[in-house]
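Comments concern the structure below.
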Amino acid sequence: MNDRTLLSHAGRNPAATNGTVNMPVYRASTVVASSLAEYEGRHDKGLDEMCYGAMGTTTYYALAEAMTGLERGAGAVITSSGLSACTMAILPFVSAGDHVLVTDSVYGPTRRFCDTVLRRFGVETTYYAPGMGEDIERLFRPETRLVFAEAPGSLTFEMEDIPAVAEAARRHGCLTLMDNTWASPLFFRALEHGVDIAIQAATKYIGGHSDLVLGVITARTRELYVRLKECMIALGETASPDDCYLALRGLRSMAVRMRAQQESALKIARWLEGRPEVLRVLYPALESDPGHALWKRDFNGAGALFGVEVKESSGQAIADMVDNYRYFAIGASWGGFESLVTVSRPERSAFPWQGRGTLLRFSIGLEEPDDLIADLAEGFMRLNRA
Ligand SMILES: Cc1ncc(COP(=O)(O)O)c(C=O)c1O
C-alpha cells in the first residue's frame with residue numbers, strides 16, 4: 001500500500017469502535033477477565049493484545065499496528081519518549097562484558113546513556129566516525145553485539161552508508177539499530193536497507209504538533225519484537241494512551257506536513273548558503289553537502305532540520321540575532337509545525353568537530369518560507385550591526 005493511503009487508514013477499526021473514524025483513547029489499568037481460566041491463561045498476552053494497562057491499551061496497539069505497517073516491520077513497541085526508544089532498543093540485546101558500536105554523531109542523551117548506564121552495567125561503547133561505511137568492519141570484536149546508527153547525525157548531519165554498515169554487522173552476527181527520526185519511515189525505509197531495529201522519536205514528525213513525547217521501536221522480525229516487548233514489560237516501561245492517540249492523529253497528516261516542510265527547508269537552506277555571514281549549511285539534501293550522494297541513493301526525502309555554521313563567534317552578536325527572531329522560537333525538540341532555532345555544541349570523541357564559527361540548528365515549520373527568509377535576513381542585519 002502507498003504510504004499516504006496507509007497513513008489515512010492504518011490503526012483504525014470503525015467496526016470495532018461503534019463507527020468512530022478515529023481509534024478512541026482507551027484508558028485503563030485493570031482489564032477484567034470473563035473467567036478465572038481466562039485470567040490465568042493470560043501470561044502470553046501483553047505481547048499483542050490488551051491485558052493490563054501498563055502493557056498497552058487498544059489505542060497503544062492501534063499505533064503499534066500503524067507503525068509496523070509504515071516501517072514494513074514485524075512488530076512495534078511504543079515507549080514513553082524518543083530517548084527511551086533509543087535506550088530500550090539497546091537493552092534487551094546486551095549483557096555485562098559486551099561491546100557496542102555507536103555513531104559518534106548520535107543524539108547526545110543516547111551517548112550519555114551509553115557512557116553512564118551501559119558502562120556501569122559492564123557494556124563498553126566504541127564511537128565510530130559516521131563516514132566510515134564498510135571500514136566499520138575493523139571495529140568489531142568477538143564481544144560486539146550491535147551497531148547503533150543515526151543518519152544524518154544529530155547536530156552535525158553527517159550521512160552514513162547504512163546498507164554497508166548493516167552488511168558488516170550481519171557478517172559479524174551483530175544487530176543494526178538506527179535512530180531514523182530525521183527522515184522518518186516516509187523518507188528512509190530503514191528496515192529495507194538492512195536495519196534490524198528502527199527507532200523513531202514520535203515526539204517529532206509523527207506527533208508534529210509539539211504537544212507529546214513518545215517513542216516507537218519497530219523490529220524486522222517477530223523474534224526481535226518479542227525480545228523488545230518482554231524487556232519493556234520487565235522494566236515497566238509504557239506509553240500513555242492519550243499520547244498514542246495524538247501520535248495516531250499526527251500520522252494522518254504526516255506525509256503532507258513533511259513534504260511541505262522539506263520544500264521550505266530546501267528553499268531556506270539554499271538561501272542561507274548564499275549568505276556572506278554563513279560558512280556552510282549542513283544538510284544532506286543540498287548538492288554541496290558531503291553526504292548528498294548517499295542521501296540521494298538511499299533516501300526519498302529530507303527532514304526539515306539542518307545545521308548552519310555562521311562565521312560570527314561572539315556570543316553576544318549571535319544572541320542579538322537569535323533573541324529577536326520574529327518566527328523562529330528558541331527551543332529544543334523539532335519536527336513540529338513551528339520553526340525553531342538553537343545553538344548546537346557537538347560532543348565528539350572519534351573525530352574532533354572542526355567548527356570554526358557558531359553552529360546553529362534550524363527546524364523549519366509550516367510557515368510561509370518567504371516570511372522565514374525575511375526573518376533570517378533581518379537577523380543577519382542585527383548580526384552585522386553588532
Ligand atoms: C535524533 C533524536 N533522537 C531521539 C530524540 C529523543 O526524543 P524525545 O525528546 O522524545 O526523548 C531526539 C530529541 O531531540 C532526537 O533529536
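By convention in this document, the chains of the C-alpha cells carry letters A, B, ... by their order, each chain's residues are numbered from 1, and ligands are numbered from 1 in the order they are shown.
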field: ligand 1 neighbours within 6 Å using only C-alpha atoms and all ligand atoms, as a PyMOL selection string
entry: chain A and resi 81-83+107+154+181+201+203+213-214+333
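When the distance limit is 12 Å and only C-alpha atoms are what count, the residues near Leu235 in chain A, minus those fewer than 5 positions from it on the same chain, are A:Ala54, A:Met55, A:Thr79, A:Ser84, A:Thr87, A:Met88, A:Leu91, A:Pro92, A:Leu228, A:Lys229, A:Glu230.
Note that CA of Tyr128 in chain A and CA of Arg112 in chain A are 15.4 Å apart.
From CA of Asp320 in chain A back to CA of Ala386 in chain A, the distance works out to 7.4 Å.
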query: Running DSSP on the backbone, which parts of range 7-246 of chain A land in helix (DSSP H, G or I), as JSON, numbers by chain?
result: {"A": [7, 8, 9, 14, 15, 16, 36, 37, 38, 39, 40, 41, 42, 43, 44, 53, 54, 55, 58, 59, 60, 61, 62, 63, 64, 65, 66, 67, 68, 69, 70, 71, 82, 83, 84, 85, 86, 87, 88, 89, 90, 91, 92, 93, 108, 109, 110, 111, 112, 113, 114, 115, 116, 117, 118, 119, 120, 130, 131, 132, 133, 134, 135, 136, 137, 138, 139, 162, 163, 164, 165, 166, 167, 168, 169, 170, 171, 184, 185, 186, 187, 190, 191, 192, 193, 222, 223, 224, 225, 226, 227, 228, 229, 230, 231, 232, 233, 234, 235, 241, 242, 243, 244, 245, 246]}
Using only C-alpha atoms, I'd like a table of the residues in range 60-148 of chain A that come within 8 Å of range 238-243 of chain A; for each, show the closest atom pair and its distance in Å rounded to one decimal, ordered by chain and ascending number, as CSV.
```
residue,atom,partner,partner_atom,distance
A:Tyr60,CA,A:Pro241,CA,5.9
A:Ile78,CA,A:Ala239,CA,6.1
A:Thr79,CA,A:Ala239,CA,5.2
A:Ser80,CA,A:Ala239,CA,4.6
```
The selected residues should be written to file as a CSV table (one decimal), in the first residue's frame (atoms: N, CA, C and O atoms).
```
chain,number,residue,atom,x,y,z
A,60,TYR,N,-2.8,2.1,22.2
A,60,TYR,CA,-1.4,1.7,22.0
A,60,TYR,C,-1.2,0.7,20.9
A,60,TYR,O,-0.4,0.9,20.0
A,78,ILE,N,5.8,0.8,21.7
A,78,ILE,CA,5.7,2.2,21.9
A,78,ILE,C,6.3,2.5,23.2
A,78,ILE,O,5.9,1.8,24.2
A,79,THR,N,7.1,3.5,23.3
A,79,THR,CA,7.8,3.8,24.6
A,79,THR,C,7.4,5.3,25.0
A,79,THR,O,6.9,6.0,24.2
A,80,SER,N,7.8,5.6,26.2
A,80,SER,CA,7.4,6.9,26.8
A,80,SER,C,8.0,8.1,26.2
A,80,SER,O,7.6,9.2,26.5
```
Please produce, as JSON lines, a per-residue contact table for range 69-182 of chain A versus range 346-361 of chain A (criterion: any atom at most 6 Å away, only C-alpha atoms considered), showing the nearest atom pair and its distance in Å to one decimal, sorted by chain then residue number.
```
{"residue": "A:Asp104", "atom": "CA", "partner": "A:Arg348", "partner_atom": "CA", "distance": 5.9}
{"residue": "A:Tyr127", "atom": "CA", "partner": "A:Ala350", "partner_atom": "CA", "distance": 5.8}
{"residue": "A:Tyr128", "atom": "CA", "partner": "A:Ala350", "partner_atom": "CA", "distance": 5.8}
{"residue": "A:Ala129", "atom": "CA", "partner": "A:Ala350", "partner_atom": "CA", "distance": 5.7}
```
Hey, could you make a per-residue contact list for range 98-207 of chain A against range 254-265 of chain A with 9 Å as the cut-off, showing the nearest pair of atoms and its distance in Å to one decimal, counting only C-alpha atoms, sorted by chain and number, as JSON lines?
```
{"residue": "A:Leu186", "atom": "CA", "partner": "A:Ala255", "partner_atom": "CA", "distance": 7.2}
{"residue": "A:Tyr205", "atom": "CA", "partner": "A:Met254", "partner_atom": "CA", "distance": 6.7}
{"residue": "A:Ile206", "atom": "CA", "partner": "A:Met254", "partner_atom": "CA", "distance": 6.2}
{"residue": "A:Gly207", "atom": "CA", "partner": "A:Met254", "partner_atom": "CA", "distance": 8.2}
```
Print the selection's residues with N, CA, C and O atoms to a file, as a compact mmCIF listing (two decimals), in the first residue's frame.
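Written out: result-v5.txt:
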```txt
# COMPACT_ATOMS: atom_id res chain seq x y z
N LEU A 186 8.90 7.58 6.21
CA LEU A 186 8.42 8.08 4.91
C LEU A 186 9.59 8.39 3.98
O LEU A 186 9.49 8.18 2.78
N TYR A 205 8.25 14.31 14.00
CA TYR A 205 7.33 14.43 12.86
C TYR A 205 6.04 13.63 13.02
O TYR A 205 5.02 13.99 12.46
N ILE A 206 6.07 12.53 13.77
CA ILE A 206 4.85 11.74 13.90
C ILE A 206 3.81 12.55 14.68
O ILE A 206 2.69 12.75 14.21
N GLY A 207 4.21 13.04 15.84
CA GLY A 207 3.31 13.93 16.61
C GLY A 207 3.05 15.20 15.80
O GLY A 207 1.91 15.56 15.52
```
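Across the structure, CA of Gly108 in chain A and CA of Gly75 in chain A are spaced 26.9 Å apart.
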Under the rule of at most 12 Å, produce a per-residue listing of range 190-265 of chain A near range 12-17 of chain A: chain, number, name, the closest pair of atoms, and the distance in Å, as a tab-separated table, using only C-alpha atoms.
```
residue	atom	partner	partner_atom	distance
A:Tyr245	CA	A:Arg12	CA	11.0
A:Leu248	CA	A:Arg12	CA	9.2
A:Arg249	CA	A:Arg12	CA	10.6
A:Leu251	CA	A:Arg12	CA	11.7
A:Arg252	CA	A:Arg12	CA	10.9
```
Using DSSP assignments from the backbone, pull out every residue in range 125-188 of chain A that falls under strand (DSSP E or B) and give it to me as a short mmCIF file (atom, residue, chain, number, x, y, z; two decimals) with all heavy atoms, in the first residue's frame.
```
data_model
loop_
_atom_site.label_atom_id
_atom_site.label_comp_id
_atom_site.auth_asym_id
_atom_site.auth_seq_id
_atom_site.Cartn_x
_atom_site.Cartn_y
_atom_site.Cartn_z
N THR A 125 31.33 0.91 25.09
CA THR A 125 30.92 1.55 23.83
C THR A 125 32.15 2.06 23.09
O THR A 125 33.02 2.70 23.68
CB THR A 125 29.99 2.75 24.11
OG1 THR A 125 28.88 2.30 24.86
CG2 THR A 125 29.52 3.41 22.81
N THR A 126 32.21 1.79 21.78
CA THR A 126 33.19 2.46 20.91
C THR A 126 32.41 3.34 19.95
O THR A 126 31.45 2.88 19.32
CB THR A 126 34.01 1.44 20.09
OG1 THR A 126 34.71 0.60 21.00
CG2 THR A 126 34.99 2.14 19.16
N TYR A 127 32.81 4.61 19.86
CA TYR A 127 32.15 5.53 18.92
C TYR A 127 32.88 5.48 17.60
O TYR A 127 34.11 5.57 17.57
CB TYR A 127 32.12 6.95 19.51
CG TYR A 127 31.24 7.01 20.72
CD1 TYR A 127 31.79 6.96 22.01
CD2 TYR A 127 29.86 7.06 20.59
CE1 TYR A 127 30.97 6.96 23.13
CE2 TYR A 127 29.03 7.05 21.71
CZ TYR A 127 29.59 7.01 22.97
OH TYR A 127 28.77 6.99 24.07
N TYR A 128 32.13 5.32 16.53
CA TYR A 128 32.76 5.26 15.20
C TYR A 128 32.42 6.51 14.40
O TYR A 128 31.37 7.13 14.58
CB TYR A 128 32.33 3.98 14.45
CG TYR A 128 30.86 3.91 14.08
CD1 TYR A 128 30.40 4.41 12.87
CD2 TYR A 128 29.93 3.32 14.94
CE1 TYR A 128 29.06 4.33 12.50
CE2 TYR A 128 28.59 3.25 14.58
CZ TYR A 128 28.16 3.75 13.37
OH TYR A 128 26.83 3.68 13.03
N THR A 144 31.30 -7.88 20.40
CA THR A 144 30.41 -6.82 19.88
C THR A 144 29.03 -7.42 19.60
O THR A 144 28.92 -8.49 19.01
CB THR A 144 30.97 -6.21 18.58
OG1 THR A 144 32.32 -5.82 18.82
CG2 THR A 144 30.17 -4.99 18.15
N ARG A 145 28.00 -6.72 20.04
CA ARG A 145 26.64 -7.25 19.88
C ARG A 145 25.81 -6.45 18.89
O ARG A 145 24.91 -6.97 18.27
CB ARG A 145 25.89 -7.27 21.23
CG ARG A 145 26.44 -8.23 22.24
CD ARG A 145 26.16 -9.70 21.83
NE ARG A 145 27.01 -10.58 22.61
CZ ARG A 145 28.17 -11.09 22.19
NH1 ARG A 145 28.60 -10.84 20.96
NH2 ARG A 145 28.91 -11.85 22.96
N LEU A 146 26.07 -5.15 18.81
CA LEU A 146 25.20 -4.35 17.93
C LEU A 146 25.90 -3.06 17.50
O LEU A 146 26.87 -2.61 18.11
CB LEU A 146 23.87 -4.04 18.63
CG LEU A 146 23.89 -3.28 19.96
CD1 LEU A 146 23.86 -1.77 19.76
CD2 LEU A 146 22.67 -3.68 20.80
N VAL A 147 25.33 -2.50 16.41
CA VAL A 147 25.74 -1.18 15.93
C VAL A 147 24.54 -0.26 16.08
O VAL A 147 23.42 -0.65 15.72
CB VAL A 147 26.14 -1.23 14.44
CG1 VAL A 147 26.53 0.15 13.93
CG2 VAL A 147 27.26 -2.22 14.20
N PHE A 148 24.78 0.92 16.61
CA PHE A 148 23.70 1.91 16.74
C PHE A 148 24.04 3.07 15.81
O PHE A 148 24.99 3.80 16.02
CB PHE A 148 23.59 2.40 18.20
CG PHE A 148 22.34 3.21 18.46
CD1 PHE A 148 21.29 2.66 19.19
CD2 PHE A 148 22.20 4.51 17.98
CE1 PHE A 148 20.13 3.40 19.43
CE2 PHE A 148 21.05 5.24 18.21
CZ PHE A 148 20.01 4.69 18.95
N ALA A 149 23.24 3.20 14.74
CA ALA A 149 23.49 4.23 13.72
C ALA A 149 22.45 5.34 13.82
O ALA A 149 21.39 5.17 14.42
CB ALA A 149 23.43 3.57 12.34
N GLU A 150 22.79 6.46 13.23
CA GLU A 150 21.83 7.57 13.12
C GLU A 150 22.23 8.36 11.88
O GLU A 150 23.40 8.74 11.75
CB GLU A 150 21.90 8.45 14.37
CG GLU A 150 20.85 9.55 14.38
CD GLU A 150 20.96 10.44 15.63
OE1 GLU A 150 21.28 9.92 16.73
OE2 GLU A 150 20.72 11.64 15.50
N LEU A 175 23.48 -7.02 15.46
CA LEU A 175 22.28 -6.31 15.02
C LEU A 175 22.63 -4.89 14.62
O LEU A 175 23.58 -4.30 15.16
CB LEU A 175 21.26 -6.24 16.16
CG LEU A 175 20.67 -7.55 16.64
CD1 LEU A 175 19.81 -7.30 17.89
CD2 LEU A 175 19.81 -8.18 15.54
N THR A 176 21.84 -4.32 13.71
CA THR A 176 21.95 -2.88 13.42
C THR A 176 20.69 -2.19 13.90
O THR A 176 19.57 -2.55 13.50
CB THR A 176 22.12 -2.63 11.91
OG1 THR A 176 23.27 -3.35 11.48
CG2 THR A 176 22.31 -1.15 11.61
N LEU A 177 20.89 -1.20 14.77
CA LEU A 177 19.80 -0.37 15.27
C LEU A 177 19.99 1.01 14.64
O LEU A 177 21.13 1.44 14.42
CB LEU A 177 19.89 -0.21 16.79
CG LEU A 177 19.42 -1.35 17.69
CD1 LEU A 177 20.02 -2.69 17.34
CD2 LEU A 177 19.69 -1.02 19.15
N MET A 178 18.91 1.68 14.33
CA MET A 178 19.07 3.01 13.75
C MET A 178 18.03 3.98 14.29
O MET A 178 16.83 3.69 14.26
CB MET A 178 18.93 2.95 12.22
CG MET A 178 19.08 4.31 11.59
SD MET A 178 18.75 4.28 9.82
CE MET A 178 19.03 6.02 9.43
N ASP A 179 18.50 5.13 14.77
CA ASP A 179 17.63 6.24 15.10
C ASP A 179 17.34 6.95 13.77
O ASP A 179 18.19 7.62 13.21
CB ASP A 179 18.32 7.17 16.10
CG ASP A 179 17.42 8.33 16.55
OD1 ASP A 179 16.47 8.66 15.82
OD2 ASP A 179 17.69 8.91 17.62
#
```
- prompt: If you count only C-alpha atoms, which residues fall within 12 Å of Val77 in chain A, apart from same-chain ones fewer than 2 positions away, as a PyMOL selection string?
  reply: chain A and resi 46-49+55-56+60-68+73-75+79-82+84-86+88-89+197-200+202+214-219+222+224-233+237-239+244
Using C-alpha atoms, can you write the selected residues to a file as a PDB file, in the first residue's frame?
```
ATOM      1  CA  GLY A  46       0.539  -8.169  26.642  1.00  0.00           C
ATOM      2  CA  LEU A  47       2.685  -9.084  23.679  1.00  0.00           C
ATOM      3  CA  ASP A  48      -0.038  -8.481  21.118  1.00  0.00           C
ATOM      4  CA  GLU A  49      -3.248  -7.603  22.891  1.00  0.00           C
ATOM      5  CA  MET A  55       1.463  -3.208  28.690  1.00  0.00           C
ATOM      6  CA  GLY A  56      -0.619  -1.115  26.333  1.00  0.00           C
ATOM      7  CA  TYR A  60      -1.395   1.736  22.008  1.00  0.00           C
ATOM      8  CA  TYR A  61      -1.885  -1.351  19.836  1.00  0.00           C
ATOM      9  CA  ALA A  62      -3.520   0.719  17.100  1.00  0.00           C
ATOM     10  CA  LEU A  63      -0.435   2.957  16.936  1.00  0.00           C
ATOM     11  CA  ALA A  64       1.882  -0.062  17.063  1.00  0.00           C
ATOM     12  CA  GLU A  65      -0.015  -1.650  14.167  1.00  0.00           C
ATOM     13  CA  ALA A  66       0.131   1.552  12.104  1.00  0.00           C
ATOM     14  CA  MET A  67       3.873   1.929  12.710  1.00  0.00           C
ATOM     15  CA  THR A  68       4.557  -1.713  11.917  1.00  0.00           C
ATOM     16  CA  GLY A  73       8.335  -4.479  10.120  1.00  0.00           C
ATOM     17  CA  ALA A  74       7.180  -7.497  12.115  1.00  0.00           C
ATOM     18  CA  GLY A  75       6.082  -5.582  15.213  1.00  0.00           C
ATOM     19  CA  THR A  79       7.772   3.838  24.585  1.00  0.00           C
ATOM     20  CA  SER A  80       7.359   6.855  26.825  1.00  0.00           C
ATOM     21  CA  SER A  81       9.797   9.089  24.882  1.00  0.00           C
ATOM     22  CA  GLY A  82      12.109   9.151  21.902  1.00  0.00           C
ATOM     23  CA  SER A  84      13.527   5.726  25.934  1.00  0.00           C
ATOM     24  CA  ALA A  85      13.021   4.244  22.450  1.00  0.00           C
ATOM     25  CA  CYS A  86      16.796   4.622  21.891  1.00  0.00           C
ATOM     26  CA  MET A  88      15.025   0.376  25.209  1.00  0.00           C
ATOM     27  CA  ALA A  89      16.152  -0.696  21.754  1.00  0.00           C
ATOM     28  CA  ILE A 197      15.539  -2.277  14.618  1.00  0.00           C
ATOM     29  CA  ALA A 198      14.259   1.159  13.558  1.00  0.00           C
ATOM     30  CA  ILE A 199      13.774   3.884  16.148  1.00  0.00           C
ATOM     31  CA  GLN A 200      11.534   6.919  15.948  1.00  0.00           C
ATOM     32  CA  ALA A 202       7.444  10.127  17.667  1.00  0.00           C
ATOM     33  CA  LEU A 214       6.678   9.371  22.679  1.00  0.00           C
ATOM     34  CA  GLY A 215       8.945   6.799  21.024  1.00  0.00           C
ATOM     35  CA  VAL A 216       8.473   3.861  18.655  1.00  0.00           C
ATOM     36  CA  ILE A 217      10.786   0.883  18.110  1.00  0.00           C
ATOM     37  CA  THR A 218      10.000  -1.337  15.138  1.00  0.00           C
ATOM     38  CA  ALA A 219      11.585  -4.747  14.686  1.00  0.00           C
ATOM     39  CA  ARG A 222       8.926 -11.330  15.285  1.00  0.00           C
ATOM     40  CA  LEU A 224      13.273  -9.259  17.899  1.00  0.00           C
ATOM     41  CA  TYR A 225       9.842  -7.765  18.601  1.00  0.00           C
ATOM     42  CA  VAL A 226       9.196 -10.291  21.392  1.00  0.00           C
ATOM     43  CA  ARG A 227      12.603  -9.547  22.986  1.00  0.00           C
ATOM     44  CA  LEU A 228      11.800  -5.822  22.933  1.00  0.00           C
ATOM     45  CA  LYS A 229       8.305  -6.166  24.357  1.00  0.00           C
ATOM     46  CA  GLU A 230       9.404  -8.589  27.091  1.00  0.00           C
ATOM     47  CA  CYS A 231      12.127  -6.180  28.156  1.00  0.00           C
ATOM     48  CA  MET A 232       9.613  -3.319  28.254  1.00  0.00           C
ATOM     49  CA  ILE A 233       7.265  -5.372  30.411  1.00  0.00           C
ATOM     50  CA  GLU A 237       8.184   0.880  30.508  1.00  0.00           C
ATOM     51  CA  THR A 238       4.916   2.056  28.990  1.00  0.00           C
ATOM     52  CA  ALA A 239       3.240   4.742  26.873  1.00  0.00           C
ATOM     53  CA  CYS A 244      -0.721   7.269  21.463  1.00  0.00           C
TER      54      CYS A 244
END
```
Counting only C-alpha atoms, which residues of range 76-172 of chain A fall within 7 Å of range 279-299 of chain A, and what is the closest atom pair for each with its distance in Å at one decimal, ordered by chain and rising number, as a Markdown table?
```
| residue | atom | partner | partner_atom | distance |
| --- | --- | --- | --- | --- |
| A:Thr156 | CA | A:Leu282 | CA | 6.6 |
| A:Phe157 | CA | A:Leu282 | CA | 6.0 |
| A:Glu158 | CA | A:Gly291 | CA | 6.3 |
| A:Met159 | CA | A:Gly291 | CA | 5.0 |
| A:Asp161 | CA | A:Leu294 | CA | 6.6 |
```
message: For a quick check of understanding, using only C-alpha atoms, which of A:His99, A:Lys311, A:Arg189, A:Arg326 has the smallest distance to Arg275 in chain A?
response: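 The shortest atom-to-atom distance to Arg275 in chain A comes from A:Lys311.
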